[in-house]
Amino acid sequence: MNRWEEWLSAEAAAREAAGLQRTLRPRAAEGATVDLAGNDYLGLARDPSVVEAAAAAARRWGAGAGASRLVTGTLELHAQLERELAAYLGQPAALVFSTGYHANLGAVAALGGRDALVISDAHVHASLVDAVRLAKAPVEIVPHHDVAAVASALATSGSRRTMVLAESVYSVLGDEAPLVALAEVCDRYDALLVVDEAHALGVRGPGLVRELGLAGLPHVLVTATLSKALGSQGGAVLGPQSVVDHLVNRARPFVFDTGLAPASAGGALEALRQLRARPELSDVVRRRMADLSAALGVAPSAGAVLSVPMASPQVAVAAQAAALAQGVTVGCFRPPSVPDGISRLRITVSAGISERDWTRAVDVLVAVVKDHV
Ligand SMILES: Cc1ncc(COP(=O)(O)O)c(C=O)c1O
């Protein structure tokens with residue numbers, strides 16, 4: 001073995017010993033199991049009108065955007081998607097990126113810098129953690145949901161530009177951020193609040209920022225993904241036009257990246273229209289969340305993600321395998337993908353599953369969780 005092979009093999013052995021080995025499992029096009037692990041919360045990824053809109057966009061504009069947005073990769077389709085996203089979320093302007101990950105990287109890195117201070121909730125998604133690294137800004141991590149800790153970090157930040165990072169509905173625990181209080185504190189200390197709506201958009205209509213009357217405020221910026229409830233691919237930053245103008249010029253994951261693929265933009269645009277036309281889709285998610293959380297005896301989440309703590313990574317993997325053996329796929333989150341170090345099943349609720357499959361899946365999960373306490 002050469003030096004690299006030795007190192008890789010030691011890394012793999014350490015992962016195996018800790019119960020943290022991960023493998024890819026390609027799935028077939030037609031689902032053989034009930035999928036309660038994915039993020040297609042409203043079933044729009046397979047909606048015939050969304051699929052047709054994606055195909056039509058590819059036929060009209062090509063399989064790829066062909067260039068970065070600042071060269072020739074900005075399509076009229078992107079501009080239309082940005083207008084409709086901004087209107088739905090109640091924001092003055094929007095900018096789409098090729099993924100939600102890129103949207104977070106782009107926004108935080110372009111607005112940050114060594115002369116800024118970032119204050120981040122301890123549970124934010126890896127894309128925001130990486131964004132802070134790219135921003136090269138000093139960061140203060142505050143305990144989850146701790147508005148007083150945010151206020152105290154802001155109070156001692158001096159004359160620096162300050163940015164506070166939170167998710168409206170957190171991706172692993174599914175809990176809701178105290179956004180009104182955070183926005184109030186940010187306003188008081190002249191800070192920018194960046195809210196990642198990845199798990200709220202669609203599931204909670206236009207997102208919590210709009211629901212809570214915070215949309216359009218100059219100190220509240222939203223990031224979102226087109227890859228979850230919208231069933232497509234891509235990301236967006238929404239807020240003041242001045243911020244969007246800055247990102248067009250300075251966000252490296254925007255400037256040095258090929259524009260969002262036409263099929264993704266076309267699919268997302270149609271998904272957005274479906275969302276507006278069929279608000280009952282999110283009612284199905286809410287009802288199923290209430291039923292499942294009651295059946296499993298855990299608190300319901302603010303979105304479509306239900307978190308069920310497990311005793312260890314090994315127990316979590318065994319519970320996931322037991323559900324799979326009975327035809328139900330659920331997520332299994334272990335360190336380092338969990339903010340609090342607690343391994344858990346991550347079960348996602350989707351309106352895209354038939355009532356029959358859903359009822360069966362709930363029965364399977366109740367039995368599995370009982371057997372793995
Ligand atoms: C909170 C949060 N933000 C951003 C992302 C990244 O979005 P995308 O998958 O579109 O890159 C995710 C994806 O898991 C997420 O959970």
# chains A, B, ... in the order shown; residues from 1 in each chain; ligands from 1

$ residues_around --residues "Ala94 (chain A)" --least-positions-apart "6" --cutoff "8 Å" --atoms "only C-alpha atoms" --output "list in words"
Glu82, Arg83, Leu85, Ala86, Ala236, Val237, Leu238, Gly239, Gln241 and Val244 of chain A

$ write_last_selection --atoms "all heavy atoms" --output "PDB file, in the first residue's frame"
ATOM      1  N   GLU A  82     -37.055  34.176 -11.332  1.00  0.00           N
ATOM      2  CA  GLU A  82     -36.672  35.107 -10.264  1.00  0.00           C
ATOM      3  C   GLU A  82     -37.826  36.060  -9.925  1.00  0.00           C
ATOM      4  O   GLU A  82     -38.110  36.322  -8.756  1.00  0.00           O
ATOM      5  CB  GLU A  82     -35.392  35.862 -10.659  1.00  0.00           C
ATOM      6  CG  GLU A  82     -34.165  34.948 -10.514  1.00  0.00           C
ATOM      7  CD  GLU A  82     -32.926  35.402 -11.269  1.00  0.00           C
ATOM      8  OE1 GLU A  82     -33.018  36.321 -12.113  1.00  0.00           O
ATOM      9  OE2 GLU A  82     -31.849  34.798 -11.029  1.00  0.00           O
ATOM     10  N   ARG A  83     -38.533  36.541 -10.974  1.00  0.00           N
ATOM     11  CA  ARG A  83     -39.683  37.433 -10.724  1.00  0.00           C
ATOM     12  C   ARG A  83     -40.764  36.696  -9.940  1.00  0.00           C
ATOM     13  O   ARG A  83     -41.306  37.214  -8.971  1.00  0.00           O
ATOM     14  CB  ARG A  83     -40.267  37.906 -12.062  1.00  0.00           C
ATOM     15  CG  ARG A  83     -39.576  39.124 -12.660  1.00  0.00           C
ATOM     16  CD  ARG A  83     -40.426  39.753 -13.752  1.00  0.00           C
ATOM     17  NE  ARG A  83     -40.780  38.829 -14.826  1.00  0.00           N
ATOM     18  CZ  ARG A  83     -40.011  38.559 -15.886  1.00  0.00           C
ATOM     19  NH1 ARG A  83     -38.841  39.154 -16.014  1.00  0.00           N
ATOM     20  NH2 ARG A  83     -40.412  37.725 -16.826  1.00  0.00           N
ATOM     21  N   LEU A  85     -40.571  33.916  -8.111  1.00  0.00           N
ATOM     22  CA  LEU A  85     -40.142  33.545  -6.752  1.00  0.00           C
ATOM     23  C   LEU A  85     -40.250  34.763  -5.823  1.00  0.00           C
ATOM     24  O   LEU A  85     -40.778  34.666  -4.712  1.00  0.00           O
ATOM     25  CB  LEU A  85     -38.686  33.076  -6.760  1.00  0.00           C
ATOM     26  CG  LEU A  85     -38.393  31.609  -7.051  1.00  0.00           C
ATOM     27  CD1 LEU A  85     -36.888  31.402  -7.206  1.00  0.00           C
ATOM     28  CD2 LEU A  85     -38.932  30.705  -5.942  1.00  0.00           C
ATOM     29  N   ALA A  86     -39.749  35.903  -6.294  1.00  0.00           N
ATOM     30  CA  ALA A  86     -39.783  37.121  -5.467  1.00  0.00           C
ATOM     31  C   ALA A  86     -41.231  37.476  -5.132  1.00  0.00           C
ATOM     32  O   ALA A  86     -41.552  37.789  -3.980  1.00  0.00           O
ATOM     33  CB  ALA A  86     -39.085  38.268  -6.187  1.00  0.00           C
ATOM     34  N   ALA A 236     -31.955  29.817  -4.302  1.00  0.00           N
ATOM     35  CA  ALA A 236     -32.259  31.230  -4.539  1.00  0.00           C
ATOM     36  C   ALA A 236     -31.910  32.061  -3.313  1.00  0.00           C
ATOM     37  O   ALA A 236     -31.943  31.563  -2.189  1.00  0.00           O
ATOM     38  CB  ALA A 236     -33.736  31.396  -4.867  1.00  0.00           C
ATOM     39  N   VAL A 237     -31.572  33.331  -3.566  1.00  0.00           N
ATOM     40  CA  VAL A 237     -31.429  34.314  -2.501  1.00  0.00           C
ATOM     41  C   VAL A 237     -32.458  35.394  -2.790  1.00  0.00           C
ATOM     42  O   VAL A 237     -32.596  35.840  -3.941  1.00  0.00           O
ATOM     43  CB  VAL A 237     -30.003  34.923  -2.480  1.00  0.00           C
ATOM     44  CG1 VAL A 237     -29.890  35.984  -1.388  1.00  0.00           C
ATOM     45  CG2 VAL A 237     -28.963  33.823  -2.256  1.00  0.00           C
ATOM     46  N   LEU A 238     -33.196  35.801  -1.765  1.00  0.00           N
ATOM     47  CA  LEU A 238     -34.272  36.776  -1.969  1.00  0.00           C
ATOM     48  C   LEU A 238     -34.165  37.892  -0.943  1.00  0.00           C
ATOM     49  O   LEU A 238     -33.975  37.626   0.256  1.00  0.00           O
ATOM     50  CB  LEU A 238     -35.643  36.098  -1.829  1.00  0.00           C
ATOM     51  CG  LEU A 238     -35.870  34.937  -2.792  1.00  0.00           C
ATOM     52  CD1 LEU A 238     -35.754  33.607  -2.077  1.00  0.00           C
ATOM     53  CD2 LEU A 238     -37.201  35.063  -3.498  1.00  0.00           C
ATOM     54  N   GLY A 239     -34.293  39.123  -1.417  1.00  0.00           N
ATOM     55  CA  GLY A 239     -34.205  40.260  -0.514  1.00  0.00           C
ATOM     56  C   GLY A 239     -34.111  41.549  -1.308  1.00  0.00           C
ATOM     57  O   GLY A 239     -34.561  41.629  -2.457  1.00  0.00           O
ATOM     58  N   GLN A 241     -33.025  44.617  -3.655  1.00  0.00           N
ATOM     59  CA  GLN A 241     -32.359  44.649  -4.964  1.00  0.00           C
ATOM     60  C   GLN A 241     -30.865  44.950  -4.801  1.00  0.00           C
ATOM     61  O   GLN A 241     -30.024  44.411  -5.533  1.00  0.00           O
ATOM     62  CB  GLN A 241     -33.027  45.732  -5.842  1.00  0.00           C
ATOM     63  CG  GLN A 241     -32.514  45.800  -7.273  1.00  0.00           C
ATOM     64  CD  GLN A 241     -32.810  44.532  -8.077  1.00  0.00           C
ATOM     65  OE1 GLN A 241     -33.939  44.062  -8.093  1.00  0.00           O
ATOM     66  NE2 GLN A 241     -31.790  43.968  -8.725  1.00  0.00           N
ATOM     67  N   VAL A 244     -29.071  41.753  -4.177  1.00  0.00           N
ATOM     68  CA  VAL A 244     -28.989  40.940  -5.389  1.00  0.00           C
ATOM     69  C   VAL A 244     -27.923  41.524  -6.336  1.00  0.00           C
ATOM     70  O   VAL A 244     -27.100  40.784  -6.893  1.00  0.00           O
ATOM     71  CB  VAL A 244     -30.380  40.831  -6.069  1.00  0.00           C
ATOM     72  CG1 VAL A 244     -30.262  40.303  -7.493  1.00  0.00           C
ATOM     73  CG2 VAL A 244     -31.290  39.933  -5.242  1.00  0.00           C
TER      74      VAL A 244
END

$ closest_atom_pairs --of "chain A" --to "ligand 1" --cutoff "8 Å" --atoms "only C-alpha atoms and all ligand atoms" --output "tab-separated table"
residue	atom	partner	partner_atom_place_in_ligand_line	distance
A:Ser98	CA	ligand 1	10 (O)	7.9
A:Thr99	CA	ligand 1	11 (O)	4.2
A:Gly100	CA	ligand 1	10 (O)	3.4
A:Tyr101	CA	ligand 1	11 (O)	3.8
A:His102	CA	ligand 1	11 (O)	6.5
A:Ala103	CA	ligand 1	11 (O)	7.9
A:Asn104	CA	ligand 1	4 (C)	6.8
A:Val124	CA	ligand 1	1 (C)	6.9
A:His125	CA	ligand 1	1 (C)	4.9
A:Ala126	CA	ligand 1	3 (N)	7.6
A:Ser127	CA	ligand 1	4 (C)	5.9
A:Leu128	CA	ligand 1	3 (N)	7.3
A:Glu167	CA	ligand 1	1 (C)	6.3
A:Val169	CA	ligand 1	1 (C)	7.9
A:Tyr170	CA	ligand 1	1 (C)	6.3
A:Ser171	CA	ligand 1	16 (O)	4.8
A:Val172	CA	ligand 1	16 (O)	7.8
A:Asp196	CA	ligand 1	1 (C)	6.0
A:Glu197	CA	ligand 1	1 (C)	7.0
A:Ala198	CA	ligand 1	2 (C)	5.0
A:His199	CA	ligand 1	1 (C)	6.3
A:Thr223	CA	ligand 1	3 (N)	8.0
A:Ala224	CA	ligand 1	4 (C)	6.9
A:Thr225	CA	ligand 1	10 (O)	4.5
A:Leu226	CA	ligand 1	10 (O)	6.0
A:Ser227	CA	ligand 1	10 (O)	4.8
A:Lys228	CA	ligand 1	10 (O)	7.1
A:Gln233	CA	ligand 1	10 (O)	6.1
A:Gly234	CA	ligand 1	10 (O)	5.2
A:Gly235	CA	ligand 1	10 (O)	5.4

$ write_last_selection --atoms "C-alpha atoms" --output "compact mmCIF listing (two decimals), in the first residue's frame"
# COMPACT_ATOMS: atom_id res chain seq x y z
CA SER A 98 -27.50 26.16 -9.34
CA THR A 99 -28.15 24.67 -5.88
CA GLY A 100 -29.37 25.76 -2.46
CA TYR A 101 -25.87 25.00 -1.19
CA HIS A 102 -24.46 27.52 -3.66
CA ALA A 103 -27.09 30.10 -2.68
CA ASN A 104 -25.96 29.95 0.94
CA VAL A 124 -27.43 25.62 10.93
CA HIS A 125 -26.92 23.44 7.86
CA ALA A 126 -23.45 22.50 6.60
CA SER A 127 -23.87 24.84 3.64
CA LEU A 128 -24.06 27.83 6.02
CA GLU A 167 -33.00 28.36 9.43
CA VAL A 169 -37.42 25.22 9.99
CA TYR A 170 -34.31 23.28 10.92
CA SER A 171 -33.30 20.45 8.61
CA VAL A 172 -32.60 17.71 11.17
CA ASP A 196 -32.57 29.70 5.21
CA GLU A 197 -36.11 28.64 4.24
CA ALA A 198 -35.01 25.33 2.62
CA HIS A 199 -37.42 23.26 4.72
CA THR A 223 -32.17 31.84 1.07
CA ALA A 224 -34.08 28.88 -0.31
CA THR A 225 -33.75 25.70 -2.31
CA LEU A 226 -35.72 24.63 -5.36
CA SER A 227 -34.71 21.02 -4.64
CA LYS A 228 -37.05 20.07 -1.82
CA GLN A 233 -33.02 21.54 -8.43
CA GLY A 234 -31.42 24.87 -7.63
CA GLY A 235 -31.36 27.58 -4.99

$ atom_distance --atom1 "CA of Asp175 (chain A)" --atom2 "CA of Pro143 (chain A)"
14.1 Å

$ residues_around --residues "Leu117 (chain A)" --least-positions-apart "5" --cutoff "8 Å" --atoms "only C-alpha atoms" --output "list in words"
Gly112, Ala137, Pro138, Val139, Glu140, Ser157, Arg160, Arg161, Thr162 and Met163 of chain A

$ write_last_selection --atoms "N, CA and C atoms" --output "tab-separated table (two decimals), in the first residue's frame"
chain	number	residue	atom	x	y	z
A	112	GLY	N	-20.01	38.71	3.69
A	112	GLY	CA	-19.12	38.64	4.85
A	112	GLY	C	-17.78	39.28	4.56
A	137	ALA	N	-14.95	35.29	7.62
A	137	ALA	CA	-15.38	36.19	8.70
A	137	ALA	C	-15.23	35.49	10.03
A	138	PRO	N	-14.88	36.25	11.08
A	138	PRO	CA	-14.93	35.64	12.41
A	138	PRO	C	-16.36	35.24	12.71
A	139	VAL	N	-16.52	34.14	13.46
A	139	VAL	CA	-17.88	33.65	13.71
A	139	VAL	C	-18.07	33.37	15.19
A	140	GLU	N	-19.24	33.71	15.69
A	140	GLU	CA	-19.62	33.31	17.05
A	140	GLU	C	-20.79	32.36	16.92
A	157	SER	N	-20.31	43.75	19.43
A	157	SER	CA	-19.65	43.59	18.12
A	157	SER	C	-18.97	44.86	17.62
A	160	ARG	N	-18.49	46.68	13.62
A	160	ARG	CA	-18.42	45.75	12.49
A	160	ARG	C	-19.79	45.51	11.85
A	161	ARG	N	-19.80	45.15	10.54
A	161	ARG	CA	-21.05	44.65	9.92
A	161	ARG	C	-21.35	43.31	10.54
A	162	THR	N	-22.61	43.10	10.91
A	162	THR	CA	-22.94	41.83	11.57
A	162	THR	C	-24.05	41.11	10.84
A	163	MET	N	-23.93	39.80	10.82
A	163	MET	CA	-24.89	38.97	10.11
A	163	MET	C	-25.27	37.81	11.04

$ closest_residue --among "A:Ser168, A:Ala191, A:Ser312, A:Leu134" --to "Ala155 (chain A)" --atoms "only C-alpha atoms"
A:Ala191

$ residues_around --residues "Val203 (chain A)" --least-positions-apart "6" --cutoff "12 Å" --atoms "only C-alpha atoms" --output "mmCIF file with C-alpha atoms, in the first residue's frame"
data_model
loop_
_atom_site.group_PDB
_atom_site.id
_atom_site.type_symbol
_atom_site.label_atom_id
_atom_site.label_comp_id
_atom_site.auth_asym_id
_atom_site.auth_seq_id
_atom_site.Cartn_x
_atom_site.Cartn_y
_atom_site.Cartn_z
ATOM 1 C CA ASN A 39 -37.296 15.928 0.577
ATOM 2 C CA ASP A 40 -39.922 15.913 -2.189
ATOM 3 C CA TYR A 41 -42.389 17.042 0.461
ATOM 4 C CA LEU A 42 -45.299 17.837 -1.833
ATOM 5 C CA GLY A 43 -44.734 15.109 -4.424
ATOM 6 C CA LEU A 44 -44.040 17.719 -7.100
ATOM 7 C CA SER A 168 -36.742 28.973 9.616
ATOM 8 C CA VAL A 169 -37.419 25.221 9.987
ATOM 9 C CA GLY A 174 -37.638 20.097 12.150
ATOM 10 C CA GLU A 197 -36.106 28.639 4.235
ATOM 11 C CA GLU A 211 -46.006 34.183 7.151
ATOM 12 C CA LYS A 228 -37.054 20.067 -1.818
ATOM 13 C CA ALA A 229 -40.770 20.998 -1.825
ATOM 14 C CA LEU A 230 -40.423 22.469 -5.316
ATOM 15 C CA GLY A 231 -39.264 19.052 -6.539
ATOM 16 C CA LEU A 272 -44.240 27.270 -7.919
ATOM 17 C CA LEU A 275 -47.960 25.439 -5.084
ATOM 18 C CA ARG A 276 -50.027 28.573 -5.498
ATOM 19 C CA ARG A 278 -52.998 23.760 -4.748
ATOM 20 C CA PRO A 279 -52.521 24.960 -1.149
ATOM 21 C CA GLU A 280 -54.187 21.687 -0.056
ATOM 22 C CA LEU A 281 -50.850 19.916 -0.710
ATOM 23 C CA SER A 282 -49.305 21.492 2.368
ATOM 24 C CA ASP A 283 -52.469 20.654 4.370
ATOM 25 C CA VAL A 284 -51.823 16.953 3.595
ATOM 26 C CA VAL A 285 -48.264 17.286 4.954
ATOM 27 C CA ARG A 286 -49.541 18.961 8.127
ATOM 28 C CA ARG A 287 -52.195 16.275 8.695
ATOM 29 C CA MET A 289 -47.174 15.043 10.384
ATOM 30 C CA SER A 301 -42.257 19.316 13.711
ATOM 31 C CA ALA A 302 -42.868 22.739 12.235
ATOM 32 C CA GLY A 303 -42.329 21.342 8.753
ATOM 33 C CA ALA A 304 -42.208 17.936 7.105
ATOM 34 C CA VAL A 305 -39.221 16.468 8.972
ATOM 35 C CA THR A 348 -39.973 12.947 6.076
ATOM 36 C CA VAL A 349 -43.649 13.349 5.382
ATOM 37 C CA SER A 350 -44.752 13.758 1.794
ATOM 38 C CA ALA A 351 -48.082 14.574 0.181
#

$ select_by_dssp --residues "region 237-306 of chain A" --states "strand (DSSP E)" --output "MDAnalysis selection string"
chainID A and resid 237:239 305:306

$ write_last_selection --atoms "all heavy atoms" --output "short mmCIF file (atom, residue, chain, number, x, y, z; two decimals), in the first residue's frame"
data_model
loop_
_atom_site.label_atom_id
_atom_site.label_comp_id
_atom_site.auth_asym_id
_atom_site.auth_seq_id
_atom_site.Cartn_x
_atom_site.Cartn_y
_atom_site.Cartn_z
N VAL A 237 -31.57 33.33 -3.57
CA VAL A 237 -31.43 34.31 -2.50
C VAL A 237 -32.46 35.39 -2.79
O VAL A 237 -32.60 35.84 -3.94
CB VAL A 237 -30.00 34.92 -2.48
CG1 VAL A 237 -29.89 35.98 -1.39
CG2 VAL A 237 -28.96 33.82 -2.26
N LEU A 238 -33.20 35.80 -1.76
CA LEU A 238 -34.27 36.78 -1.97
C LEU A 238 -34.16 37.89 -0.94
O LEU A 238 -33.97 37.63 0.26
CB LEU A 238 -35.64 36.10 -1.83
CG LEU A 238 -35.87 34.94 -2.79
CD1 LEU A 238 -35.75 33.61 -2.08
CD2 LEU A 238 -37.20 35.06 -3.50
N GLY A 239 -34.29 39.12 -1.42
CA GLY A 239 -34.20 40.26 -0.51
C GLY A 239 -34.11 41.55 -1.31
O GLY A 239 -34.56 41.63 -2.46
N VAL A 305 -40.29 17.35 8.48
CA VAL A 305 -39.22 16.47 8.97
C VAL A 305 -39.52 16.03 10.39
O VAL A 305 -39.68 16.87 11.28
CB VAL A 305 -37.88 17.24 9.00
CG1 VAL A 305 -36.78 16.38 9.59
CG2 VAL A 305 -37.51 17.73 7.63
N LEU A 306 -39.61 14.73 10.62
CA LEU A 306 -39.83 14.25 11.98
C LEU A 306 -38.56 13.55 12.46
O LEU A 306 -38.05 12.64 11.80
CB LEU A 306 -41.01 13.28 12.04
CG LEU A 306 -41.47 12.96 13.46
CD1 LEU A 306 -42.03 14.20 14.15
CD2 LEU A 306 -42.54 11.87 13.46
#

$ residues_around --residues "region 1-15 of chain A" --least-positions-apart "4" --cutoff "12 Å" --atoms "only C-alpha atoms" --output "list in words"
Gly19, Leu20, Gln21, Arg22, Thr23, Pro313, Gln314, Arg334, Pro335 and Pro336 of chain A

$ residues_around --residues "Gly106 (chain A)" --least-positions-apart "2" --cutoff "7 Å" --atoms "only C-alpha atoms" --output "tab-separated table (two decimals) with C-alpha atoms, in the first residue's frame"
chain	number	residue	atom	x	y	z
A	102	HIS	CA	-24.46	27.52	-3.66
A	103	ALA	CA	-27.09	30.10	-2.68
A	104	ASN	CA	-25.96	29.95	0.94
A	108	VAL	CA	-22.85	34.70	3.13
A	109	ALA	CA	-19.42	34.78	1.50
A	110	ALA	CA	-20.16	37.84	-0.63
A	251	ALA	CA	-20.83	35.94	-5.14
A	252	ARG	CA	-18.20	33.54	-6.43
A	253	PRO	CA	-20.53	30.48	-6.47
A	254	PHE	CA	-22.76	32.55	-8.77

$ residues_around --residues "Val243 (chain A)" --least-positions-apart "2" --cutoff "9 Å" --atoms "only C-alpha atoms" --output "compact mmCIF listing (two decimals) with all heavy atoms, in the first residue's frame"
# COMPACT_ATOMS: atom_id res chain seq x y z
N ALA A 93 -36.63 41.30 -4.67
CA ALA A 93 -35.80 40.75 -5.75
C ALA A 93 -35.32 39.35 -5.39
O ALA A 93 -35.29 38.97 -4.21
CB ALA A 93 -34.60 41.67 -6.00
N ALA A 107 -24.33 33.92 -0.84
CA ALA A 107 -24.85 35.06 -0.08
C ALA A 107 -23.93 35.41 1.09
O ALA A 107 -23.51 36.56 1.24
CB ALA A 107 -26.25 34.73 0.44
N LEU A 111 -21.31 38.70 1.33
CA LEU A 111 -21.68 39.77 2.27
C LEU A 111 -20.74 39.81 3.48
O LEU A 111 -20.68 40.80 4.19
CB LEU A 111 -23.12 39.56 2.76
CG LEU A 111 -24.19 39.69 1.67
CD1 LEU A 111 -25.53 39.13 2.15
CD2 LEU A 111 -24.34 41.13 1.21
N LEU A 221 -32.84 38.77 5.03
CA LEU A 221 -32.52 38.16 3.74
C LEU A 221 -32.92 36.69 3.80
O LEU A 221 -32.73 36.03 4.82
CB LEU A 221 -31.00 38.27 3.52
CG LEU A 221 -30.48 37.94 2.12
CD1 LEU A 221 -30.95 38.99 1.11
CD2 LEU A 221 -28.95 37.90 2.13
N LEU A 238 -33.20 35.80 -1.76
CA LEU A 238 -34.27 36.78 -1.97
C LEU A 238 -34.16 37.89 -0.94
O LEU A 238 -33.97 37.63 0.26
CB LEU A 238 -35.64 36.10 -1.83
CG LEU A 238 -35.87 34.94 -2.79
CD1 LEU A 238 -35.75 33.61 -2.08
CD2 LEU A 238 -37.20 35.06 -3.50
N GLY A 239 -34.29 39.12 -1.42
CA GLY A 239 -34.20 40.26 -0.51
C GLY A 239 -34.11 41.55 -1.31
O GLY A 239 -34.56 41.63 -2.46
N PRO A 240 -33.48 42.56 -0.70
CA PRO A 240 -33.38 43.86 -1.36
C PRO A 240 -32.63 43.77 -2.70
O PRO A 240 -31.69 42.98 -2.84
CB PRO A 240 -32.58 44.70 -0.36
CG PRO A 240 -32.70 44.00 0.95
CD PRO A 240 -32.88 42.56 0.64
N GLN A 241 -33.02 44.62 -3.66
CA GLN A 241 -32.36 44.65 -4.96
C GLN A 241 -30.87 44.95 -4.80
O GLN A 241 -30.02 44.41 -5.53
CB GLN A 241 -33.03 45.73 -5.84
CG GLN A 241 -32.51 45.80 -7.27
CD GLN A 241 -32.81 44.53 -8.08
OE1 GLN A 241 -33.94 44.06 -8.09
NE2 GLN A 241 -31.79 43.97 -8.73
N ASP A 245 -27.90 42.84 -6.50
CA ASP A 245 -26.89 43.47 -7.37
C ASP A 245 -25.48 43.15 -6.88
O ASP A 245 -24.57 42.88 -7.67
CB ASP A 245 -27.08 45.00 -7.40
CG ASP A 245 -28.37 45.40 -8.10
OD1 ASP A 245 -28.96 44.55 -8.82
OD2 ASP A 245 -28.81 46.55 -7.91
N HIS A 246 -25.31 43.19 -5.57
CA HIS A 246 -23.99 42.89 -4.99
C HIS A 246 -23.61 41.42 -5.28
O HIS A 246 -22.48 41.15 -5.69
CB HIS A 246 -24.03 43.16 -3.48
CG HIS A 246 -22.73 42.92 -2.79
ND1 HIS A 246 -21.68 43.81 -2.83
CD2 HIS A 246 -22.31 41.86 -2.04
CE1 HIS A 246 -20.67 43.32 -2.14
NE2 HIS A 246 -21.02 42.14 -1.65
N LEU A 247 -24.58 40.51 -5.11
CA LEU A 247 -24.28 39.09 -5.33
C LEU A 247 -23.94 38.81 -6.79
O LEU A 247 -23.06 37.99 -7.08
CB LEU A 247 -25.46 38.22 -4.88
CG LEU A 247 -25.86 38.30 -3.41
CD1 LEU A 247 -26.97 37.29 -3.10
CD2 LEU A 247 -24.68 38.06 -2.48
N VAL A 248 -24.64 39.46 -7.70
CA VAL A 248 -24.35 39.26 -9.13
C VAL A 248 -22.88 39.59 -9.41
O VAL A 248 -22.23 38.95 -10.24
CB VAL A 248 -25.29 40.13 -10.00
CG1 VAL A 248 -24.80 40.23 -11.44
CG2 VAL A 248 -26.71 39.60 -9.95

$ closest_residue --among "A:Ala151, A:Val328, A:Glu16, A:Ala166" --to "Val129 (chain A)" --atoms "only C-alpha atoms"
A:Ala166

$ closest_residue --among "A:Thr258, A:Ser343, A:Gln274, A:Ser293" --to "Gly64 (chain A)" --atoms "only C-alpha atoms"
A:Thr258

$ atom_distance --atom1 "CA of Leu269 (chain A)" --atom2 "CA of Arg346 (chain A)"
28.3 Å

$ select_by_dssp --residues "region 132-216 of chain A" --states "alpha helix (DSSP H)" --output "list in words"
Val132, Arg133, Leu134, Ala135, Val147, Ala148, Ala149, Val150, Ala151, Ser152, Ala153, Leu154, Ala155, Leu179, Val180, Ala181, Leu182, Ala183, Glu184, Val185, Cys186, Asp187, Arg188, Leu208, Val209, Arg210 and Glu211 of chain A

$ closest_residue --among "A:Ala261, A:Ala268, A:Ala131, A:Val185" --to "Ala153 (chain A)" --atoms "only C-alpha atoms"
A:Val185

$ decode --residues "region 185-204 of chain A" --atoms "C-alpha atoms" --output "compact mmCIF listing (two decimals), in the first residue's frame"
# COMPACT_ATOMS: atom_id res chain seq x y z
CA VAL A 185 -32.79 42.00 17.80
CA CYS A 186 -31.13 42.37 14.38
CA ASP A 187 -33.09 45.55 13.73
CA ARG A 188 -32.08 46.92 17.14
CA TYR A 189 -28.36 46.30 16.49
CA ASP A 190 -28.37 47.10 12.76
CA ALA A 191 -27.53 43.52 11.81
CA LEU A 192 -28.60 41.47 8.79
CA LEU A 193 -30.68 38.36 9.53
CA VAL A 194 -30.13 35.58 6.96
CA VAL A 195 -32.91 32.99 7.07
CA ASP A 196 -32.57 29.70 5.21
CA GLU A 197 -36.11 28.64 4.24
CA ALA A 198 -35.01 25.33 2.62
CA HIS A 199 -37.42 23.26 4.72
CA ALA A 200 -40.26 25.77 5.00
CA LEU A 201 -40.79 26.93 1.42
CA GLY A 202 -43.78 25.04 0.04
CA VAL A 203 -44.46 23.08 3.23
CA ARG A 204 -45.36 26.39 4.93
